[in-house]
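Chemist: Input structure: model08.csv, which contains CSV, C-alpha atoms and all ligand atoms.
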chain,number,residue,atom,x,y,z
A,1,MET,CA,-11.4,-12.6,-1.2
A,2,ILE,CA,-10.2,-10.7,1.9
A,3,GLU,CA,-12.9,-9.1,4.1
A,4,ILE,CA,-11.9,-6.8,6.9
A,5,ARG,CA,-14.9,-5.6,8.9
A,6,GLY,CA,-14.8,-3.0,11.7
A,7,VAL,CA,-11.3,-4.0,12.8
A,8,SER,CA,-9.6,-2.2,15.7
A,9,LYS,CA,-6.3,-3.2,17.3
A,10,LEU,CA,-5.1,-1.6,20.5
A,11,PHE,CA,-1.7,-1.4,22.2
A,12,GLN,CA,-1.6,-0.3,25.8
A,13,GLY,CA,-5.1,1.2,25.4
A,14,GLU,CA,-4.1,3.2,22.3
A,15,LYS,CA,-5.8,2.4,19.0
A,16,ALA,CA,-3.2,1.5,16.4
A,17,VAL,CA,-6.0,0.5,14.0
A,18,ASP,CA,-9.4,2.2,14.4
A,19,ASP,CA,-12.5,0.6,13.0
A,20,ILE,CA,-11.2,-0.3,9.5
A,21,SER,CA,-13.3,-2.1,6.9
A,22,LEU,CA,-12.0,-3.1,3.5
A,23,THR,CA,-12.5,-5.7,0.9
A,24,VAL,CA,-9.7,-7.0,-1.4
A,25,ARG,CA,-10.9,-9.0,-4.4
A,26,LYS,CA,-9.2,-12.3,-5.3
A,27,GLY,CA,-6.5,-11.8,-8.0
A,28,THR,CA,-5.9,-8.1,-7.3
A,29,ILE,CA,-3.1,-6.0,-5.9
A,30,TYR,CA,-4.0,-3.6,-3.1
A,31,GLY,CA,-1.6,-0.8,-2.0
A,32,LEU,CA,-1.7,0.4,1.5
A,33,LEU,CA,-0.3,3.9,1.9
A,34,GLY,CA,-0.1,6.2,4.9
A,35,SER,CA,1.9,8.4,7.2
A,36,ASN,CA,4.5,7.0,9.7
A,37,GLY,CA,2.7,5.3,12.5
A,38,ALA,CA,-0.6,5.2,10.6
A,39,GLY,CA,-1.3,1.6,11.5
A,40,LYS,CA,-0.4,-0.1,8.2
A,41,THR,CA,1.9,-2.8,9.7
A,42,THR,CA,-0.5,-3.5,12.5
A,43,LEU,CA,-3.4,-3.9,10.0
A,44,LEU,CA,-1.3,-6.2,7.8
A,45,LYS,CA,-0.2,-8.3,10.7
A,46,THR,CA,-3.8,-8.6,11.9
A,47,LEU,CA,-4.8,-9.7,8.4
A,48,ALA,CA,-2.0,-12.3,8.4
A,49,GLY,CA,-3.3,-13.7,11.6
A,50,ILE,CA,-0.2,-12.7,13.6
A,51,TYR,CA,-2.3,-10.4,15.8
A,52,SER,CA,-5.9,-11.1,16.8
A,53,PRO,CA,-8.2,-8.1,16.3
A,54,ASP,CA,-9.6,-6.5,19.5
A,55,LYS,CA,-12.7,-5.7,17.6
A,56,GLY,CA,-14.1,-6.8,14.2
A,57,THR,CA,-13.4,-9.7,11.9
A,58,VAL,CA,-10.7,-10.6,9.3
A,59,LYS,CA,-11.7,-13.3,6.9
A,60,VAL,CA,-10.0,-14.9,3.8
A,61,ASP,CA,-12.5,-16.7,1.6
A,62,GLY,CA,-15.1,-16.6,4.5
A,63,GLU,CA,-12.8,-18.1,7.2
A,64,ALA,CA,-11.4,-16.1,10.1
A,65,VAL,CA,-7.6,-16.1,9.7
A,66,PHE,CA,-6.4,-15.9,13.4
A,67,GLU,CA,-8.6,-18.9,14.4
A,68,HIS,CA,-7.9,-21.1,11.4
A,69,PRO,CA,-4.4,-22.5,11.0
A,70,THR,CA,-5.2,-23.9,7.6
A,71,THR,CA,-6.3,-20.5,6.4
A,72,LYS,CA,-3.2,-19.0,7.9
A,73,GLN,CA,-1.1,-21.4,5.9
A,74,ARG,CA,-2.5,-19.9,2.7
A,75,VAL,CA,-1.5,-16.4,3.7
A,76,ILE,CA,2.2,-15.3,3.7
A,77,PHE,CA,3.4,-12.2,5.5
A,78,MET,CA,6.7,-10.7,4.4
A,79,PRO,CA,7.9,-8.3,7.1
A,80,ASP,CA,9.8,-5.1,6.4
A,81,SER,CA,13.0,-6.7,7.8
A,82,PRO,CA,13.4,-10.3,6.6
A,83,TYR,CA,14.0,-12.8,9.4
A,84,PHE,CA,16.1,-15.9,9.0
A,85,PHE,CA,17.3,-18.4,11.7
A,86,PRO,CA,20.8,-17.5,12.9
A,87,GLN,CA,23.5,-19.1,10.9
A,88,SER,CA,21.0,-20.6,8.4
A,89,THR,CA,21.5,-20.9,4.6
A,90,MET,CA,18.9,-20.6,1.9
A,91,LEU,CA,18.6,-24.4,1.7
A,92,GLN,CA,18.0,-24.7,5.4
A,93,MET,CA,15.3,-21.9,5.3
A,94,ALA,CA,13.7,-23.6,2.3
A,95,ALA,CA,13.5,-26.9,4.3
A,96,PHE,CA,11.9,-25.0,7.2
A,97,TYR,CA,9.3,-23.3,4.9
A,98,ARG,CA,8.6,-26.7,3.2
A,99,SER,CA,7.8,-28.2,6.6
A,100,ILE,CA,5.4,-25.4,7.5
A,101,TYR,CA,3.6,-24.6,4.3
A,102,PRO,CA,1.8,-27.6,2.6
A,103,SER,CA,1.6,-25.6,-0.6
A,104,TRP,CA,5.4,-25.4,-0.9
A,105,ASN,CA,6.4,-26.1,-4.5
A,106,GLN,CA,9.9,-27.5,-4.9
A,107,LYS,CA,9.9,-27.1,-8.6
A,108,ARG,CA,8.9,-23.4,-8.3
A,109,PHE,CA,11.8,-23.0,-5.8
A,110,GLU,CA,14.3,-24.5,-8.3
A,111,ASP,CA,12.9,-22.5,-11.2
A,112,LEU,CA,13.1,-19.2,-9.3
A,113,GLY,CA,16.8,-19.9,-8.8
A,114,THR,CA,17.3,-18.5,-12.3
A,115,VAL,CA,15.8,-15.2,-11.2
A,116,PHE,CA,17.4,-15.0,-7.7
A,117,GLN,CA,20.9,-16.0,-8.4
A,118,LEU,CA,21.9,-16.4,-4.8
A,119,ASP,CA,24.2,-19.0,-3.4
A,120,LYS,CA,21.9,-21.5,-1.6
A,121,LYS,CA,24.7,-22.8,0.6
A,122,ARG,CA,25.9,-19.5,1.9
A,123,LYS,CA,24.9,-18.2,5.3
A,124,LEU,CA,22.0,-15.7,4.8
A,125,SER,CA,23.5,-13.4,7.5
A,126,ARG,CA,26.4,-12.8,5.1
A,127,PHE,CA,24.1,-11.5,2.4
A,128,SER,CA,23.6,-7.8,1.7
A,129,LYS,CA,20.3,-6.1,2.6
A,130,GLY,CA,19.0,-6.4,-0.9
A,131,MET,CA,20.1,-10.0,-1.3
A,132,GLN,CA,18.3,-10.9,2.0
A,133,ARG,CA,15.2,-9.2,0.6
A,134,GLN,CA,15.5,-11.3,-2.6
A,135,ALA,CA,15.9,-14.5,-0.4
A,136,SER,CA,12.7,-13.5,1.4
A,137,PHE,CA,10.8,-13.1,-1.9
A,138,TRP,CA,12.2,-16.4,-3.1
A,139,LEU,CA,11.0,-18.3,-0.1
A,140,CYS,CA,7.6,-16.6,0.0
A,141,LEU,CA,6.9,-17.1,-3.7
A,142,SER,CA,7.9,-20.8,-3.5
A,143,CYS,CA,5.2,-21.3,-0.9
A,144,MET,CA,2.6,-20.6,-3.6
A,145,PRO,CA,0.4,-18.6,-1.2
A,146,ASP,CA,-3.2,-17.5,-2.1
A,147,VAL,CA,-2.6,-14.2,-0.3
A,148,LEU,CA,0.8,-12.5,-0.2
A,149,ILE,CA,1.1,-9.6,2.3
A,150,MET,CA,4.2,-7.5,2.0
A,151,ASP,CA,5.3,-4.7,4.3
A,152,GLU,CA,7.7,-2.3,2.5
A,153,PRO,CA,9.0,-5.0,0.2
A,154,ILE,CA,10.8,-2.9,-2.4
A,155,ASP,CA,13.4,-1.4,0.0
A,156,GLY,CA,16.9,-2.2,-0.9
A,157,LEU,CA,16.2,-3.9,-4.2
A,158,ASP,CA,18.1,-2.7,-7.3
A,159,PRO,CA,15.9,-1.5,-10.3
A,160,VAL,CA,16.5,-4.7,-12.4
A,161,MET,CA,15.4,-6.9,-9.5
A,162,ARG,CA,12.4,-4.6,-8.8
A,163,ARG,CA,11.3,-5.1,-12.4
A,164,GLN,CA,11.8,-8.9,-12.2
A,165,ILE,CA,9.7,-9.1,-9.0
A,166,LYS,CA,7.0,-6.9,-10.4
A,167,ASN,CA,6.8,-9.2,-13.4
A,168,ILE,CA,6.6,-12.3,-11.3
A,169,LEU,CA,3.8,-10.7,-9.2
A,170,PHE,CA,1.8,-9.7,-12.3
A,171,GLN,CA,2.2,-13.2,-13.7
A,172,GLU,CA,1.1,-14.9,-10.4
A,173,VAL,CA,-1.9,-12.6,-10.2
A,174,ALA,CA,-2.9,-13.3,-13.8
A,175,GLU,CA,-2.2,-17.0,-13.9
A,176,ARG,CA,-3.4,-18.2,-10.5
A,177,GLU,CA,-5.3,-15.3,-9.1
A,178,LEU,CA,-2.8,-14.5,-6.3
A,179,THR,CA,-4.1,-11.7,-4.1
A,180,VAL,CA,-1.4,-9.2,-3.0
A,181,LEU,CA,-1.5,-6.6,-0.3
A,182,ILE,CA,1.5,-4.3,-0.2
A,183,SER,CA,2.4,-1.4,2.1
A,184,SER,CA,4.8,1.1,0.8
A,185,HIS,CA,6.0,4.7,1.0
A,186,ASN,CA,7.3,4.4,-2.5
A,187,LEU,CA,4.3,5.8,-4.3
A,188,ARG,CA,5.8,5.4,-7.8
A,189,GLU,CA,6.0,1.6,-7.2
A,190,ILE,CA,2.5,1.5,-5.8
A,191,GLU,CA,1.2,3.4,-8.8
A,192,ASP,CA,2.8,0.9,-11.2
A,193,LEU,CA,1.7,-2.1,-9.3
A,194,CYS,CA,-1.7,-1.7,-7.7
A,195,ASP,CA,-5.3,-1.8,-8.8
A,196,HIS,CA,-6.7,-0.4,-5.6
A,197,VAL,CA,-5.2,1.8,-2.9
A,198,GLY,CA,-6.1,2.8,0.7
A,199,ILE,CA,-4.6,5.7,2.5
A,200,MET,CA,-4.3,5.5,6.3
A,201,HIS,CA,-3.7,8.1,8.9
A,202,GLY,CA,-3.9,7.9,12.7
A,203,GLY,CA,-5.3,4.3,12.6
A,204,LYS,CA,-8.2,5.3,10.3
A,205,MET,CA,-8.7,4.7,6.6
A,206,LEU,CA,-8.9,8.2,5.0
A,207,ILE,CA,-9.7,7.1,1.5
A,208,GLU,CA,-10.1,3.7,-0.2
A,209,LYS,CA,-10.5,3.5,-4.0
A,210,ASP,CA,-9.7,1.9,-7.3
A,211,LEU,CA,-6.5,3.6,-8.4
A,212,ASP,CA,-8.0,4.8,-11.7
A,213,ASP,CA,-11.1,6.1,-9.9
A,214,LEU,CA,-8.9,7.9,-7.4
A,215,LYS,CA,-7.0,9.6,-10.1
A,216,ALA,CA,-10.2,10.4,-12.0
A,217,ASP,CA,-11.6,11.9,-8.8
A,218,THR,CA,-8.8,14.4,-8.0
A,219,HIS,CA,-7.8,17.1,-10.3
A,220,LYS,CA,-5.1,19.8,-10.6
A,221,ILE,CA,-6.5,23.0,-12.1
A,222,GLN,CA,-4.6,26.1,-13.2
A,223,VAL,CA,-6.9,29.0,-13.6
A,224,ALA,CA,-6.8,32.8,-13.9
A,225,PHE,CA,-10.0,34.9,-13.4
A,226,ARG,CA,-10.7,38.4,-14.6
A,227,ASP,CA,-12.2,39.2,-11.3
A,228,GLU,CA,-10.4,38.2,-8.0
A,229,ARG,CA,-13.8,37.8,-6.2
A,230,HIS,CA,-14.4,34.7,-8.3
A,231,GLU,CA,-11.6,32.9,-6.3
A,232,THR,CA,-13.7,33.0,-3.2
A,233,ALA,CA,-16.9,32.3,-5.0
A,234,ILE,CA,-15.5,29.0,-6.5
A,235,SER,CA,-14.1,27.9,-3.2
A,236,ALA,CA,-17.6,27.8,-1.7
A,237,LYS,CA,-18.9,25.5,-4.5
A,238,LEU,CA,-16.3,22.8,-4.8
A,239,GLN,CA,-14.3,20.4,-2.5
A,240,ILE,CA,-11.0,22.1,-2.6
A,241,LEU,CA,-8.0,20.2,-1.1
A,242,HIS,CA,-5.5,22.8,-1.8
A,243,GLN,CA,-5.2,26.3,-3.3
A,244,GLU,CA,-2.3,28.5,-4.0
A,245,ARG,CA,-1.5,31.5,-6.0
A,246,ARG,CA,1.3,31.5,-8.6
A,247,GLY,CA,1.5,35.1,-10.0
A,248,SER,CA,-1.8,35.8,-11.7
A,249,VAL,CA,-2.6,32.1,-12.0
A,250,ASN,CA,-4.3,30.1,-9.2
A,251,LEU,CA,-3.6,26.5,-8.6
A,252,TYR,CA,-6.5,24.4,-7.2
A,253,ILE,CA,-6.5,20.7,-6.2
A,254,VAL,CA,-10.1,19.7,-6.4
A,255,LYS,CA,-12.0,16.5,-5.6
A,256,GLY,CA,-15.0,15.5,-7.6
A,257,ASP,CA,-16.4,14.8,-11.0
A,258,ARG,CA,-14.3,16.3,-13.8
A,259,GLU,CA,-17.3,17.6,-15.9
A,260,ARG,CA,-18.9,19.2,-12.9
A,261,ILE,CA,-15.7,20.9,-11.8
A,262,THR,CA,-15.0,22.2,-15.3
A,263,ALA,CA,-18.6,23.6,-15.6
A,264,ALA,CA,-18.3,25.3,-12.2
A,265,PHE,CA,-15.1,27.1,-13.2
A,266,HIS,CA,-16.5,28.1,-16.6
A,267,VAL,CA,-19.4,30.0,-15.1
A,268,TYR,CA,-16.8,32.7,-14.2
A,269,GLU,CA,-15.3,32.7,-17.7
A,270,PRO,CA,-11.6,32.4,-16.7
A,271,TYR,CA,-9.1,33.5,-19.3
A,272,VAL,CA,-6.8,30.6,-18.3
A,273,PHE,CA,-8.1,27.2,-17.5
A,274,ASP,CA,-6.0,24.0,-17.6
A,275,LEU,CA,-7.1,20.7,-16.0
A,276,LEU,CA,-4.0,18.5,-15.4
A,277,PRO,CA,-3.5,14.9,-14.2
A,278,LEU,CA,-2.2,14.3,-10.7
A,279,THR,CA,0.4,11.7,-9.6
A,280,LEU,CA,-0.4,9.4,-6.8
A,281,GLU,CA,2.2,11.2,-4.7
A,282,GLU,CA,0.4,14.5,-5.2
A,283,ILE,CA,-2.9,12.9,-4.3
A,284,PHE,CA,-1.3,11.4,-1.2
A,285,ILE,CA,0.2,14.7,-0.1
A,286,TYR,CA,-3.0,16.7,-0.6
A,287,GLU,CA,-5.3,14.1,1.0
A,288,MET,CA,-2.9,14.1,4.0
A,289,GLY,CA,-3.0,17.9,4.1
A,290,ASP,CA,-6.8,17.7,4.1
A,291,ALA,CA,-6.5,15.4,7.1
A,292,GLY,CA,-4.4,17.9,9.0
A,293,TYR,CA,-1.0,16.2,8.2
A,294,ASP,CA,0.9,18.4,5.9
A,295,ALA,CA,4.5,19.6,5.6
A,296,GLN,CA,5.0,22.8,7.6
A,297,PRO,CA,6.9,25.6,6.0
A,298,ILE,CA,9.6,25.7,8.7
A,299,LEU,CA,13.3,26.3,8.3
A,300,LEU,CA,15.3,25.1,11.2
B,1,LIG,N1,4.0,-4.0,19.3
B,1,LIG,C1,3.6,-2.7,19.6
B,1,LIG,N2,3.5,-2.3,20.9
B,1,LIG,C2,3.0,-1.0,21.1
B,1,LIG,N3,2.7,-0.1,20.2
B,1,LIG,C3,2.8,-0.5,18.9
B,1,LIG,C4,3.3,-1.8,18.5
B,1,LIG,N4,3.3,-1.9,17.2
B,1,LIG,C5,2.8,-0.7,16.7
B,1,LIG,N5,2.5,0.1,17.8
B,1,LIG,C6,2.0,1.5,17.6
B,1,LIG,O1,0.9,1.4,16.8
B,1,LIG,C7,0.9,2.6,15.9
B,1,LIG,C8,0.9,2.1,14.5
B,1,LIG,O2,2.1,1.5,14.2
B,1,LIG,P1,2.4,0.7,12.8
B,1,LIG,O3,3.7,0.1,12.9
B,1,LIG,O4,1.2,-0.2,12.5
B,1,LIG,O5,2.4,1.9,11.8
B,1,LIG,P2,2.9,2.0,10.2
B,1,LIG,O6,1.8,2.7,9.5
B,1,LIG,O7,3.3,0.7,9.7
B,1,LIG,O8,4.1,3.0,10.3
B,1,LIG,P3,5.4,3.2,9.4
B,1,LIG,O9,5.0,3.7,8.1
B,1,LIG,O10,6.2,4.2,10.2
B,1,LIG,O11,6.1,1.9,9.3
B,1,LIG,C9,2.1,3.4,16.3
B,1,LIG,O12,1.7,4.4,17.1
B,1,LIG,C10,3.0,2.4,17.0
B,1,LIG,O13,3.8,3.1,18.0
Kindly return the structure encoded in the file as C-alpha cells.
Ligand SMILES: Nc1ncnc2c1ncn2[C@@H]1O[C@H](COP(=O)(O)OP(=O)(O)OP(=O)(O)O)[C@@H](O)[C@H]1O
Modeler:
Amino acid sequence: MIEIRGVSKLFQGEKAVDDISLTVRKGTIYGLLGSNGAGKTTLLKTLAGIYSPDKGTVKVDGEAVFEHPTTKQRVIFMPDSPYFFPQSTMLQMAAFYRSIYPSWNQKRFEDLGTVFQLDKKRKLSRFSKGMQRQASFWLCLSCMPDVLIMDEPIDGLDPVMRRQIKNILFQEVAERELTVLISSHNLREIEDLCDHVGIMHGGKMLIEKDLDDLKADTHKIQVAFRDERHETAISAKLQILHQERRGSVNLYIVKGDRERITAAFHVYEPYVFDLLPLTLEEIFIYEMGDAGYDAQPILL
C-alpha cells in the first residue's frame, strides 16, 4: 500500500506539490490527471524516492521510500522520456537493470520478447520513439516491481501495443497484486485502465475518488422549465459546475447524489428532463473550470 501524507515539494521557494495526501491500495491502478504544471511528475518522482519531500511522508508498505534503498528497489519509475545509456543495446540495458534490481526475472524478460519484438542487439538510440517506449516497458516489467509508476507512458505507442500493454498490466495486477500509478493527459486510456483517479491543479489535489464513484457523483442534465425563474431557483439548491442554454433547453453539470438531484429538478415540473452519463474527459474539464482553469472563448 502507498501512503502519501501531507507532502509538499518546493522548487526555488515555489510549491510544485502542496500538502497532498493520498492512499493507493495494493493491487490497484491509480490515474493521476491534471493541468500542465499541476505537479504530477513532481509527486510521482517524490513517490519513487527520486525527490525527498520538503514536508510530509511517502511510505510503501509502511517504509519511507527516500530513506530506504531496499524499498526503492521495489518501486520502478518510468519517466515520460525513456533514458538509456548512450550507444547501449537492449541486452546491455537489461544487464544494467539486472545488476540494480534484485527482483529482476530473466525468464520474464525472455518471455516478454514475444510481445516486444525488438532487436535486442540493436542500439536503442536507433529505435523510433514508440520502440524506445516499448523497450522501457520491457525493462520495467522484467524487474517485477511491486509498484510501477509511469509518467505519460502511452505516448507514441500504436493501438495494438497499447492494448498489449494494458493486458499485461491487468494481468500483473490480478495475478501478483502489482500497484500501478499512472499520470496521463489521455483520459480515454485512464478511463479504461484505472480504478481510482486524482485530479491535480496548481500543486493541489482537487478531487480524489474511485472512478465509478466519481462518475456516479457528476451528472449531465438537459432540462426545460415552463417558467424561466426556475433556472435561478435550482442553481441555489445544487452544486452546479457548469450551466449553459441551448435553445429552450438548459444544460447543467451537477455534482451530488443522483436521486437528490432528480428530486430537486422535479419540484419545478420540467417538461424536458434527461439525466445523462459523463465521460471522464467531461468531468475533468468541468472540475477544472470549477477550479478557475477553463478554456477561454478567445479567437486569436
Ligand atoms: N526541477 C525543477 N526545477 C524547478 N521547477 C520545477 C522542476 N520540476 C518541476 N518544476 C516546476 O514545478 C511545477 C510542477 O511541474 P511538474 O513537472 O510536476 O508538472 P506536471 O503536472 O507533470 O506537468 P505536465 O502535465 O505539463 O507534464 C511547475 O511549475 C514546474 O515549473
Chemist: From (-14.5, -14.1, 0.2), in the file's coordinates, out to 12 Å: which residues are reached, counting all atoms listed in the file? Answer as a PDB file with C-alpha atoms, keeping the file's coordinate frame.
Modeler:
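Writing done, so here's part.pdb:
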ATOM      1  CA  MET A   1     -11.400 -12.600  -1.200  1.00  0.00           C
ATOM      2  CA  ILE A   2     -10.200 -10.700   1.900  1.00  0.00           C
ATOM      3  CA  GLU A   3     -12.900  -9.100   4.100  1.00  0.00           C
ATOM      4  CA  ILE A   4     -11.900  -6.800   6.900  1.00  0.00           C
ATOM      5  CA  LEU A  22     -12.000  -3.100   3.500  1.00  0.00           C
ATOM      6  CA  THR A  23     -12.500  -5.700   0.900  1.00  0.00           C
ATOM      7  CA  VAL A  24      -9.700  -7.000  -1.400  1.00  0.00           C
ATOM      8  CA  ARG A  25     -10.900  -9.000  -4.400  1.00  0.00           C
ATOM      9  CA  LYS A  26      -9.200 -12.300  -5.300  1.00  0.00           C
ATOM     10  CA  GLY A  27      -6.500 -11.800  -8.000  1.00  0.00           C
ATOM     11  CA  VAL A  58     -10.700 -10.600   9.300  1.00  0.00           C
ATOM     12  CA  LYS A  59     -11.700 -13.300   6.900  1.00  0.00           C
ATOM     13  CA  VAL A  60     -10.000 -14.900   3.800  1.00  0.00           C
ATOM     14  CA  ASP A  61     -12.500 -16.700   1.600  1.00  0.00           C
ATOM     15  CA  GLY A  62     -15.100 -16.600   4.500  1.00  0.00           C
ATOM     16  CA  GLU A  63     -12.800 -18.100   7.200  1.00  0.00           C
ATOM     17  CA  ALA A  64     -11.400 -16.100  10.100  1.00  0.00           C
ATOM     18  CA  VAL A  65      -7.600 -16.100   9.700  1.00  0.00           C
ATOM     19  CA  VAL A 147      -2.600 -14.200  -0.300  1.00  0.00           C
ATOM     20  CA  THR A 179      -4.100 -11.700  -4.100  1.00  0.00           C
TER      21      THR A 179
END
Chemist: Which residues are near ligand LIG 1 (chain B) - at most 10 Å, using all atoms listed in the file? Format: as number ranges by chain.
Modeler: A: 9-17, 32-46, 51, 80, 151-152, 183-185, 199-203
Chemist: Smallest atom-to-atom distance to A:Ala264: which of A:Val173, A:Leu181, A:Leu141, A:Leu238, using all atoms listed in the file?
Modeler: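 Among A:Val173, A:Leu181, A:Leu141, A:Leu238, it is A:Leu238 that comes nearest to A:Ala264.
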Chemist: Quick one: residues within 8 Å of A:Cys140, all atoms listed in the file counted, chain neighbours fewer than 6 positions away excluded, as a PyMOL selection string?
Modeler: chain A and resi 76+78+148
Chemist: For each of A:Phe225, A:Phe284, A:Ile207, A:Thr279, take the minimum atom-to-atom distance to A:His266, counting all atoms listed in the file, then give the residue where this is smallest.
Modeler: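 Looking only at the distances to A:His266, the closest residue turns out to be A:Phe225.
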Chemist: Find the residues around A:Leu211 up to 8 Å (all atoms listed in the file counted), leave out those fewer than 2 positions away in its own chain, and share them as a PDB file with C-alpha atoms, keeping the file's coordinate frame.
Modeler:
ATOM      1  CA  GLU A 191       1.200   3.400  -8.800  1.00  0.00           C
ATOM      2  CA  CYS A 194      -1.700  -1.700  -7.700  1.00  0.00           C
ATOM      3  CA  ASP A 195      -5.300  -1.800  -8.800  1.00  0.00           C
ATOM      4  CA  HIS A 196      -6.700  -0.400  -5.600  1.00  0.00           C
ATOM      5  CA  VAL A 197      -5.200   1.800  -2.900  1.00  0.00           C
ATOM      6  CA  LYS A 209     -10.500   3.500  -4.000  1.00  0.00           C
ATOM      7  CA  ASP A 213     -11.100   6.100  -9.900  1.00  0.00           C
ATOM      8  CA  LEU A 214      -8.900   7.900  -7.400  1.00  0.00           C
ATOM      9  CA  LYS A 215      -7.000   9.600 -10.100  1.00  0.00           C
TER      10      LYS A 215
END
Chemist: Quick one: distance from atom CA of A:Val267 to atom CA of A:Ile221 in Å, one decimal?
Modeler: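 It comes out at 15.0 Å.
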Chemist: Applying 9 Å and only C-alpha atoms, which residues near A:Gln222 remain after dropping the ones on its own chain fewer than 6 positions away? List them as a ChimeraX atom specification.
Modeler: /A:249-252,272-276
Chemist: Enter the distance from atom CA of A:Met93 to atom CA of A:Glu189, in Å, rounded to one decimal.
Modeler: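 Taking atom CA of A:Met93 and atom CA of A:Glu189, their separation equals 28.2 Å.
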Chemist: Taking all atoms listed in the file into account, which of A:Ala233, A:Val7, A:Met90, A:Val75 comes nearest A:Ser21?
Modeler: A:Val7
Chemist: What does the distance between atom CA of A:Arg188 and atom CA of A:Ser142 come to in Å, to one decimal place?
Modeler: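 The value is 26.6 Å.
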